[in-house]
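Only one structure is covered here, and it is reproduced in the block below.
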Amino acid sequence: MRNFILIIRKYNFFIVFLLLQGLSVYLLVNNNTYQREAVVSTSNEVVGEIYSAYSDVTDYLTLGITNRLLAEENARLRRADSTSFYDSDFKLMKVNDTIGFQQYEYITSKVINNSVTKVNNYITLDAGYNKGVRKDMSVISSNGVVGIVKDVSEHFCTVMSMLNSKTRISTMIKKNGYFGSTIWSGSSPMMANLLDIPSHAKVNIGDTIVTTSFSIYPKNIMVGRVAEIGTSGESFKEIKVRLSTDFQNISYVYIVRDILKIERDTLEARTVANDQ
Amino acid sequence: MISELFANFFRFILLLFVQVLVLDQIEISGPVNGYFNAYLYILFLLMLPVNINRLLLLLLCFITGISIDMFTGTAGMHASACLILGLIRPGFLNLIAPREGYESTLRLTIQSMGGSTFLVYAGVLTFVHHLSLFILEAFNFLNFFDLLLRVITCSIFTMLLIVMSQVLSQRSKEVEG
């Protein structure tokens, strides 16, 4: 016992180092599995307030760009509005709309913190439980997909950005429906890789890549355009995608609430459970 | 003594805000993205008194790291890298000590240590901190040479800022005096 105390006294520096290092690594590993430590979650309210004040200042500096983006989006929406189309097809007029059923709702939100330089990037938004945001909702911008809500507090939420080594989105080539996973390339914030497209699929540079209905996103949300085509092995193409969302300049996003999500998840879980 | 305590506390707050509100917001587009991140906040740990209690040093390293982590949302990553810096700092200071040892009043700045000694002291500790930080960030050894290149460029960038801030603070003291 006396020897034990002597050893502790002699190596106290190294023992304290090991204890603190152990605590750090514990926090780090927990963070990696998305189980945010309670310490960090509660302090996020404080940190969020500081970022919010900081963002109030920087918002003025990007007002010009934001205005231009909003104007462009308005123009695009106006173009898509039914009044902009010449009504040439009578069959369209006869579609009975009473079976229409709203599935998605959109919550607008402002980006108050964002990074693109790390291996795992996260975005902080100024909407939380108070605006109806819940974990695992998808987030899109006016240009395309952004990410998935990972953690929610009363007034803020953090989003696992598309630029994250763990993000994997189910996507397809819009013109022919071949589907595969899109993951971030890890270096440039503009580029991603589209995997699992069979080599006999016809793909051209400039083809549109959109989300499938298998993904957590609504169907047909723009992801990007094909920028480069190569082959990997015998059976699959290696496709590089230029992302349509400019992650280095993103200030307003929409959080998507899928009204039918709970019903779908329950059904799929029940099927799997029955199967076992 | 009290004024030194106050100076260190002030330096901690100032460097924390500079790191979080200025340096972490720098994003360079294109292929060099991620190669020029600076982590100036470690200057606080480098400039702590030479004869500081080693346990207190470890505790301050942990607090500094975890404060940065709270802002970047990377619980434990900076804390862990700072602790490694705190582990080797006392031993490394002994290694490069002059023959007669350090005077207890010596300040660990570029002016009182001399240019080359300070550059070796700060350079090696910065490199070790950045190396452990980036390894923890990647959490694997794929693309190790790419990672090493990032460590080197970021270390150079951080050192540049450290030397600049040292020279500037010296200038402002001369103007006051």
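FYI, nothing fancy with the structure tokens labels: chains A, B, ... in order, residues from 1 per chain, ligands from 1 as they appear.
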If we count only C-alpha atoms and set the cut-off at 12 Å, which residues sit around segment 255-262 of chain A, ignoring sequence neighbours fewer than 4 positions away in its own chain? Please answer as a count of residues only.
48
Show me, as a ChimeraX atom specification, every residue of chain B with an atom at most 10 Å from chain A, counting only C-alpha atoms.
/B:20-21,24-37,53-59,61-62,65-66,69-84,86-87,134,136-139
Near-Val18 of chain B list (12 Å; only C-alpha atoms; drop same-chain fewer than 2 positions) as an MDAnalysis selection string
chainID B and resid 11:16 20:26 38:44 68 161 165
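Take atom CA of Thr182 of chain A and atom CA of Ser170 of chain A: the distance between them is 6.4 Å.
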Would you mind listing what lies within 12 Å of segment 104-118 of chain B as a PyMOL selection string, with only C-alpha atoms counted and same-chain residues fewer than 3 positions away left out?
chain B and resi 1+4+8+43-52+89+92-93+95-98+100-101+121-126+159+162-171+173
Quick one: everything within 12 Å of Leu63 of chain A, counting only C-alpha atoms, minus sequence neighbours fewer than 5 positions away in the same chain. Send it as a VMD selection string.
chain A and resid 55 to 58 68 to 70 249 to 252
Got a sec to tell me which of chain B DSSP assigns to alpha helix (DSSP H), as a VMD selection string?
chain B and resid 2 to 17 42 to 46 54 to 72 77 to 95 110 to 113 115 to 138 144 to 176
Output the selection as a short mmCIF file (atom, residue, chain, number, x, y, z; two decimals), in the first residue's frame - C-alpha atoms for each residue.
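Contents of again.cif, as written:
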```cif
data_model
loop_
_atom_site.label_atom_id
_atom_site.label_comp_id
_atom_site.auth_asym_id
_atom_site.auth_seq_id
_atom_site.Cartn_x
_atom_site.Cartn_y
_atom_site.Cartn_z
CA ILE B 2 -1.21 39.49 -9.75
CA SER B 3 -0.57 41.43 -12.95
CA GLU B 4 0.92 38.32 -14.58
CA LEU B 5 -2.19 36.34 -13.62
CA PHE B 6 -4.35 39.07 -15.12
CA ALA B 7 -2.22 39.26 -18.28
CA ASN B 8 -2.55 35.50 -18.83
CA PHE B 9 -6.30 35.56 -18.26
CA PHE B 10 -6.70 38.46 -20.67
CA ARG B 11 -4.55 36.66 -23.25
CA PHE B 12 -6.72 33.53 -22.89
CA ILE B 13 -9.97 35.44 -23.55
CA LEU B 14 -8.49 37.45 -26.43
CA LEU B 15 -6.96 34.41 -28.19
CA LEU B 16 -10.17 32.39 -27.72
CA PHE B 17 -12.22 35.07 -29.46
CA ILE B 42 -1.99 27.60 -28.49
CA LEU B 43 0.11 30.79 -28.03
CA PHE B 44 -1.63 31.07 -24.64
CA LEU B 45 -0.21 27.68 -23.59
CA LEU B 46 3.23 28.48 -25.05
CA ARG B 54 3.02 20.96 -14.13
CA LEU B 55 -0.38 19.75 -12.93
CA LEU B 56 -1.79 23.28 -13.30
CA LEU B 57 -0.33 23.34 -16.83
CA LEU B 58 -2.19 20.13 -17.75
CA LEU B 59 -5.43 21.49 -16.28
CA LEU B 60 -5.09 24.76 -18.24
CA CYS B 61 -4.36 22.77 -21.43
CA PHE B 62 -7.55 20.79 -20.93
CA ILE B 63 -9.65 23.90 -20.21
CA THR B 64 -8.26 25.75 -23.24
CA GLY B 65 -8.86 22.79 -25.54
CA ILE B 66 -12.38 22.10 -24.32
CA SER B 67 -13.30 25.81 -24.67
CA ILE B 68 -12.30 25.73 -28.35
CA ASP B 69 -14.14 22.40 -28.72
CA MET B 70 -17.38 23.90 -27.45
CA PHE B 71 -17.31 26.45 -30.26
CA THR B 72 -16.27 24.06 -33.03
CA MET B 77 -10.47 16.88 -30.07
CA HIS B 78 -8.66 20.12 -29.25
CA ALA B 79 -8.56 19.16 -25.55
CA SER B 80 -6.70 15.98 -26.39
CA ALA B 81 -4.19 17.72 -28.70
CA CYS B 82 -3.58 20.47 -26.08
CA LEU B 83 -2.93 17.83 -23.39
CA ILE B 84 -0.23 16.26 -25.55
CA LEU B 85 1.31 19.74 -25.91
CA GLY B 86 1.14 20.11 -22.09
CA LEU B 87 2.74 16.69 -21.62
CA ILE B 88 5.87 17.44 -23.65
CA ARG B 89 6.23 21.18 -22.85
CA PRO B 90 8.14 20.85 -19.49
CA GLY B 91 10.48 18.15 -20.83
CA PHE B 92 11.16 20.03 -24.06
CA LEU B 93 11.88 23.27 -22.17
CA ASN B 94 14.46 21.38 -20.06
CA LEU B 95 15.99 19.90 -23.22
CA ILE B 110 10.58 36.03 -28.82
CA GLN B 111 12.24 39.10 -27.28
CA SER B 112 13.47 37.57 -24.02
CA MET B 113 14.26 34.06 -25.32
CA GLY B 115 14.72 34.54 -32.01
CA SER B 116 16.18 31.12 -32.83
CA THR B 117 15.45 29.52 -29.41
CA PHE B 118 11.88 30.77 -29.48
CA LEU B 119 11.35 29.56 -33.06
CA VAL B 120 12.58 26.05 -32.13
CA TYR B 121 10.49 26.03 -28.92
CA ALA B 122 7.26 27.27 -30.52
CA GLY B 123 7.84 25.47 -33.84
CA VAL B 124 8.27 21.98 -32.38
CA LEU B 125 5.34 22.32 -29.95
CA THR B 126 3.09 23.74 -32.70
CA PHE B 127 4.02 20.87 -35.01
CA VAL B 128 3.29 18.25 -32.32
CA HIS B 129 -0.05 19.90 -31.46
CA HIS B 130 -1.15 20.14 -35.11
CA LEU B 131 -0.04 16.58 -35.84
CA SER B 132 -2.06 15.12 -32.97
CA LEU B 133 -5.02 17.37 -33.80
CA PHE B 134 -5.18 16.29 -37.46
CA ILE B 135 -4.69 12.61 -36.65
CA LEU B 136 -7.56 12.83 -34.15
CA GLU B 137 -9.68 14.65 -36.73
CA ALA B 138 -9.11 12.07 -39.46
CA PHE B 144 -1.18 9.97 -44.32
CA PHE B 145 1.13 12.00 -46.59
CA ASP B 146 -1.69 14.36 -47.44
CA LEU B 147 -2.30 14.76 -43.71
CA LEU B 148 1.41 15.37 -43.06
CA LEU B 149 1.46 18.05 -45.75
CA ARG B 150 -1.55 19.73 -44.10
CA VAL B 151 0.22 19.61 -40.71
CA ILE B 152 3.30 21.29 -42.20
CA THR B 153 1.45 24.06 -44.08
CA CYS B 154 -0.87 24.78 -41.15
CA SER B 155 2.08 24.81 -38.71
CA ILE B 156 3.89 27.34 -40.88
CA PHE B 157 0.76 29.47 -41.05
CA THR B 158 0.27 29.32 -37.26
CA MET B 159 3.96 30.14 -36.62
CA LEU B 160 3.70 33.12 -38.97
CA LEU B 161 0.78 34.47 -36.91
CA ILE B 162 2.57 33.74 -33.60
CA VAL B 163 5.70 35.65 -34.67
CA MET B 164 3.61 38.51 -36.07
CA SER B 165 1.58 38.84 -32.86
CA GLN B 166 4.79 38.77 -30.77
CA VAL B 167 6.42 41.51 -32.85
CA LEU B 168 3.24 43.61 -32.79
CA SER B 169 2.79 43.35 -29.00
CA GLN B 170 6.47 44.35 -28.57
CA ARG B 171 5.93 47.39 -30.81
CA SER B 172 2.88 48.51 -28.82
CA LYS B 173 4.86 48.26 -25.56
CA GLU B 174 7.67 50.38 -27.03
CA VAL B 175 5.15 53.02 -28.10
CA GLU B 176 3.63 53.06 -24.60
#
```
